[in-house]
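J.: Below is the structure I would like to discuss, written out as structure tokens.
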Amino acid sequence: MNKISPHLVADTSVGTLKGKSLFVTAQDGLRLHVCEYGKRSAPGLPVVCLPGLARTGADFDILAPVLAAKPQHRHVIVIDSRGRGHSDHDSDHGNYNCAVELADIVSVLFALDVGPAVFIGSSRGGVLSMTMGAVHPSALAGVILHDVGPVTDPKGMARLKGYVGKLPHPRSFEEGADILRRLMSAQFPKLTEDQWLGVARRTWHIKHGALKLAYDVGIARTLAGIDIERPLPTLWHEFDSLADLPLMVIRGENSDILSADTVSEMRKRRKQMELIEVPDQGHVPLLEGKELLGSIIRFVEDCEAANGCSPTTTPAARPTEAPA
């Protein structure tokens, strides 16, 4: 396969209320959608936001601008993985795998000149963040694992297999909110109507006048070969690669993906790991609310202090070598 040098294409068709929408071309030619907040020359540490398997960058719509805003002044990028959000769908569904998606992230980092950054990885995005620590450790200045760890609870995987790519097309976002409430209310018993509506708007988007899932349903094929009756592969090696980095874990109290036992084992290995448990929420907790957002901002500020970086200094330059 020929490798194509990544380049930027200004987006004139995708409108966002906040941030700048653009495309980066991956090494195989597929266009990856990125929402960029703040200036690339911002003095704080860059922040890279990675959504989950069947999620999009819209999950960071509240958090990203807060991280980029005054007085912090940071460059924040939110990546729609291939086949999700406004990124191109891949005709080869076999490319919806962590190796390809990791290469996509590297392409984006080099295209946007992003140096060592704080990675906020939600579910699958957290898996990619841990893997990045193992193969490109110089890219990381800190990591937030959003309801994910080295061990995936098979109960949660069974649930994901049951609905990813199989949700109906509602006639309205209100109907979509009802669908999601029926499906997930056991994990999220206290969400308000407005919050369910917000989740619906991030799960479906309007395409050709109708609501369609905000991801390629072919992504479900990545789950088809998983046998939940057998132990799932673990990522302890990848997790341990983060040993020298500031680490925060955000867990939903009702999560069926990241178990309390796994968190306990993570803390044994990383005694300085910061843990936030969000009550009355499951997989994944919403990235909103003054207390949670404040904790995330404080963690990023701690990462900046550890890297000698503050709103009055310039972050270290990224490595100069091109991605393989």
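By convention in this document, the chains of the structure tokens carry letters A, B, ... by their order, each chain's residues are numbered from 1, and ligands are numbered from 1 in the order they are shown.
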Could you give me the residues within segment 49-281 of chain A that DSSP places in alpha helix (DSSP H), as a PyMOL selection string?

T.: chain A and resi 63-68+98-111+124-135+154-163+173-184+193-203+221-224+236-240+260-269

J.: Could you list, with a cut-off of 12 Å and counting only C-alpha atoms, the residues of segment 179-292 of chain A near segment 147-150 of chain A, each shown with its nearest atom pair and the distance in Å rounded to one decimal, rows sorted by chain and ascending number, as a tab-separated table?

T.:
residue	atom	partner	partner_atom	distance
A:Leu232	CA	A:Pro150	CA	10.2
A:Pro233	CA	A:Pro150	CA	8.7
A:Thr234	CA	A:Pro150	CA	5.4
A:Leu235	CA	A:Pro150	CA	4.3
A:Trp236	CA	A:Pro150	CA	5.3
A:His237	CA	A:Pro150	CA	8.4
A:Glu238	CA	A:Pro150	CA	7.7
A:Phe239	CA	A:Pro150	CA	6.2
A:Asp240	CA	A:Pro150	CA	9.4
A:Ser241	CA	A:Pro150	CA	11.4
A:Leu242	CA	A:Pro150	CA	11.6
A:Leu247	CA	A:Gly149	CA	11.6
A:Met248	CA	A:Asp147	CA	10.4
A:Val249	CA	A:Asp147	CA	7.0
A:Ile250	CA	A:Asp147	CA	5.5
A:Arg251	CA	A:Asp147	CA	4.5
A:Gly252	CA	A:Asp147	CA	6.4
A:Glu253	CA	A:Asp147	CA	9.6
A:Asn254	CA	A:Asp147	CA	10.3
A:Ser255	CA	A:Asp147	CA	7.4
A:Asp256	CA	A:Asp147	CA	9.4
A:Ile257	CA	A:Val148	CA	6.7
A:Leu258	CA	A:Val148	CA	5.3
A:Ser259	CA	A:Gly149	CA	8.8
A:Ala260	CA	A:Gly149	CA	10.5
A:Asp261	CA	A:Gly149	CA	10.8
A:Thr262	CA	A:Gly149	CA	7.2
A:Val263	CA	A:Gly149	CA	7.5
A:Ser264	CA	A:Gly149	CA	10.8
A:Glu265	CA	A:Pro150	CA	9.7
A:Met266	CA	A:Gly149	CA	7.9
A:Arg267	CA	A:Gly149	CA	11.1
A:Arg269	CA	A:Pro150	CA	11.7
A:Leu275	CA	A:Asp147	CA	10.5
A:Ile276	CA	A:Asp147	CA	9.8
A:Glu277	CA	A:Asp147	CA	9.2
A:Val278	CA	A:Asp147	CA	9.9
A:Gln281	CA	A:Asp147	CA	10.5
A:Gly282	CA	A:Asp147	CA	8.4
A:His283	CA	A:Asp147	CA	6.4
A:Val284	CA	A:Asp147	CA	5.8
A:Pro285	CA	A:Asp147	CA	7.3
A:Leu286	CA	A:Asp147	CA	10.4
A:Leu287	CA	A:Asp147	CA	11.1

J.: Write out as number ranges by chain all residues of segment 45-221 of chain A that DSSP puts in strand (DSSP E or B) for this structure's backbone.

T.: A: 47-50, 76-79, 84, 117-122, 140-146, 204-207, 210-213, 215

J.: Could you check how far atom CA of Gly225 of chain A sits from atom CA of Pro168 of chain A, in Å to one decimal?

T.: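 That distance, rounded to one decimal, is 22.6 Å.
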
J.: Compile the contact shell of Met157 of chain A as a PyMOL selection string: residues with an atom at most 10 Å away, counting only C-alpha atoms, same-chain residues fewer than 2 positions apart removed.

T.: chain A and resi 152-155+159-162+223+226-228+232+256-257

J.: Which residues come within 9 Å of segment 206-213 of chain A, counting only C-alpha atoms, excluding same-chain residues fewer than 2 positions away, as a PyMOL selection string?

T.: chain A and resi 85+165+167-173+203-204+215-217

J.: Would you export the selected residues with C-alpha atoms as a PDB file, in the first residue's frame, please?

T.:
ATOM      1  CA  GLY A  85     -18.796  11.348  13.016  1.00  0.00           C
ATOM      2  CA  GLY A 165     -24.833  -1.006  14.728  1.00  0.00           C
ATOM      3  CA  LEU A 167     -30.117   0.768  16.833  1.00  0.00           C
ATOM      4  CA  PRO A 168     -33.159   1.854  14.792  1.00  0.00           C
ATOM      5  CA  HIS A 169     -33.421   5.149  12.928  1.00  0.00           C
ATOM      6  CA  PRO A 170     -35.743   7.335  14.998  1.00  0.00           C
ATOM      7  CA  ARG A 171     -38.005   9.896  13.391  1.00  0.00           C
ATOM      8  CA  SER A 172     -36.849  12.606  15.790  1.00  0.00           C
ATOM      9  CA  PHE A 173     -34.190  13.196  18.402  1.00  0.00           C
ATOM     10  CA  THR A 203     -25.751   9.165  18.718  1.00  0.00           C
ATOM     11  CA  TRP A 204     -27.605  10.076  15.519  1.00  0.00           C
ATOM     12  CA  TYR A 215     -20.984   5.949  12.753  1.00  0.00           C
ATOM     13  CA  ASP A 216     -20.550   3.295  10.092  1.00  0.00           C
ATOM     14  CA  VAL A 217     -22.603   0.260  11.131  1.00  0.00           C
TER      15      VAL A 217
END

J.: Can you tell me how far atom CA of Ala103 of chain A sits from atom CA of Ala134 of chain A, in Å to one decimal?

T.: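 Interatomic distance, atom CA of Ala103 of chain A to atom CA of Ala134 of chain A: 13.4 Å.
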
J.: Can you pull out the residues contacting Ala68 of chain A? Cut-off 10 Å, using only C-alpha atoms, and skip same-chain residues under 2 positions away; I want them as an mmCIF file with N, CA and C atoms, in the first residue's frame.

T.:
data_model
loop_
_atom_site.group_PDB
_atom_site.id
_atom_site.type_symbol
_atom_site.label_atom_id
_atom_site.label_comp_id
_atom_site.auth_asym_id
_atom_site.auth_seq_id
_atom_site.Cartn_x
_atom_site.Cartn_y
_atom_site.Cartn_z
ATOM 1 N N GLY A 19 -15.113 25.736 18.026
ATOM 2 C CA GLY A 19 -13.935 25.122 17.448
ATOM 3 C C GLY A 19 -13.938 25.214 15.931
ATOM 4 N N GLU A 36 -10.816 21.439 16.141
ATOM 5 C CA GLU A 36 -9.651 22.051 16.765
ATOM 6 C C GLU A 36 -10.079 23.289 17.550
ATOM 7 N N TYR A 37 -9.619 23.361 18.786
ATOM 8 C CA TYR A 37 -9.930 24.491 19.667
ATOM 9 C C TYR A 37 -8.626 25.163 20.078
ATOM 10 N N GLY A 38 -8.656 26.471 20.191
ATOM 11 C CA GLY A 38 -7.470 27.187 20.615
ATOM 12 C C GLY A 38 -6.422 27.278 19.519
ATOM 13 N N LYS A 39 -5.359 28.010 19.814
ATOM 14 C CA LYS A 39 -4.277 28.205 18.852
ATOM 15 C C LYS A 39 -3.216 27.126 18.998
ATOM 16 N N ALA A 42 -0.587 27.917 21.471
ATOM 17 C CA ALA A 42 -1.021 28.143 22.855
ATOM 18 C C ALA A 42 0.046 27.641 23.827
ATOM 19 N N GLY A 44 -0.125 26.420 26.940
ATOM 20 C CA GLY A 44 -0.392 25.240 27.756
ATOM 21 C C GLY A 44 -0.124 23.961 26.996
ATOM 22 N N LEU A 45 -0.159 22.838 27.707
ATOM 23 C CA LEU A 45 0.011 21.543 27.045
ATOM 24 C C LEU A 45 -1.148 21.299 26.077
ATOM 25 N N PRO A 46 -0.865 20.727 24.906
ATOM 26 C CA PRO A 46 -1.963 20.313 24.032
ATOM 27 C C PRO A 46 -2.776 19.206 24.703
ATOM 28 N N VAL A 47 -4.029 19.097 24.287
ATOM 29 C CA VAL A 47 -4.911 18.039 24.779
ATOM 30 C C VAL A 47 -5.513 17.335 23.565
ATOM 31 N N LEU A 63 -16.478 19.710 27.168
ATOM 32 C CA LEU A 63 -15.155 19.720 27.798
ATOM 33 C C LEU A 63 -14.114 20.456 26.969
ATOM 34 N N ALA A 64 -14.064 20.213 25.671
ATOM 35 C CA ALA A 64 -12.959 20.731 24.848
ATOM 36 C C ALA A 64 -12.836 22.252 24.896
ATOM 37 N N PRO A 65 -13.930 23.003 24.675
ATOM 38 C CA PRO A 65 -13.765 24.462 24.717
ATOM 39 C C PRO A 65 -13.399 24.987 26.092
ATOM 40 N N VAL A 66 -13.814 24.286 27.147
ATOM 41 C CA VAL A 66 -13.442 24.700 28.500
ATOM 42 C C VAL A 66 -11.938 24.554 28.699
ATOM 43 N N LYS A 70 -9.646 30.776 28.032
ATOM 44 C CA LYS A 70 -8.881 31.539 29.014
ATOM 45 C C LYS A 70 -9.267 31.067 30.411
ATOM 46 N N PRO A 71 -8.330 31.139 31.399
ATOM 47 C CA PRO A 71 -6.951 31.609 31.253
ATOM 48 C C PRO A 71 -5.975 30.510 30.862
ATOM 49 N N GLN A 72 -6.481 29.271 30.584
ATOM 50 C CA GLN A 72 -5.558 28.168 30.343
ATOM 51 C C GLN A 72 -4.810 28.303 29.019
ATOM 52 N N HIS A 73 -5.524 28.702 27.950
ATOM 53 C CA HIS A 73 -4.912 28.848 26.632
ATOM 54 C C HIS A 73 -4.211 27.555 26.202
ATOM 55 N N ARG A 74 -5.005 26.612 25.739
ATOM 56 C CA ARG A 74 -4.444 25.344 25.269
ATOM 57 C C ARG A 74 -4.930 25.038 23.857
ATOM 58 N N HIS A 75 -4.145 24.246 23.169
ATOM 59 C CA HIS A 75 -4.542 23.714 21.870
ATOM 60 C C HIS A 75 -5.205 22.360 22.124
ATOM 61 N N VAL A 76 -6.485 22.242 21.800
ATOM 62 C CA VAL A 76 -7.242 21.019 22.051
ATOM 63 C C VAL A 76 -7.731 20.482 20.708
ATOM 64 N N ILE A 77 -7.480 19.200 20.456
ATOM 65 C CA ILE A 77 -7.991 18.581 19.235
ATOM 66 C C ILE A 77 -8.862 17.389 19.602
ATOM 67 N N ILE A 297 -9.692 19.778 34.530
ATOM 68 C CA ILE A 297 -8.839 20.956 34.310
ATOM 69 C C ILE A 297 -7.675 20.959 35.297
#

J.: Ranking A:Val300, A:Pro189, A:Arg181, A:Leu53 by minimum distance to Cys98 of chain A and counting only C-alpha atoms, which one comes first?

T.: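 Result for the nearest residue to Cys98 of chain A: A:Leu53.
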
J.: Could you give me, as a PyMOL selection string, the residues within 9 Å of Arg55 of chain A, counting only C-alpha atoms and dropping anything in the same chain fewer than 2 positions from it?

T.: chain A and resi 51-53+57-59+80-81+84-85+122+202-203+214-215

J.: Keeping C-alpha atoms, export the residues of the selection given above as a short mmCIF file (atom, residue, chain, number, x, y, z; two decimals), in the first residue's frame.

T.:
data_model
loop_
_atom_site.label_atom_id
_atom_site.label_comp_id
_atom_site.auth_asym_id
_atom_site.auth_seq_id
_atom_site.Cartn_x
_atom_site.Cartn_y
_atom_site.Cartn_z
CA PRO A 51 -13.97 9.04 21.61
CA GLY A 52 -15.24 5.49 22.03
CA LEU A 53 -15.89 2.64 19.60
CA GLY A 57 -15.95 13.77 19.00
CA ALA A 58 -19.27 15.38 19.94
CA ASP A 59 -18.91 13.67 23.32
CA ASP A 80 -13.48 11.52 14.90
CA SER A 81 -12.03 8.04 14.34
CA ARG A 84 -17.30 7.89 13.00
CA GLY A 85 -18.80 11.35 13.02
CA SER A 122 -13.03 7.51 26.25
CA ARG A 202 -24.61 12.67 19.74
CA THR A 203 -25.75 9.17 18.72
CA ALA A 214 -23.29 8.85 13.63
CA TYR A 215 -20.98 5.95 12.75
#

J.: Can you tell me how far atom CA of Val34 of chain A sits from atom CA of Arg298 of chain A, in Å to one decimal?

T.: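 Atom-to-atom, atom CA of Val34 of chain A to atom CA of Arg298 of chain A, that is 24.6 Å.
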
J.: So that I can see what lies close to Arg82 of chain A, please list as a ChimeraX atom specification the residues with an atom at most 9 Å from it, counting only C-alpha atoms and leaving out residues fewer than 4 positions away in the same chain.

T.: /A:30-33,86-90,95-96,101,104,215-216
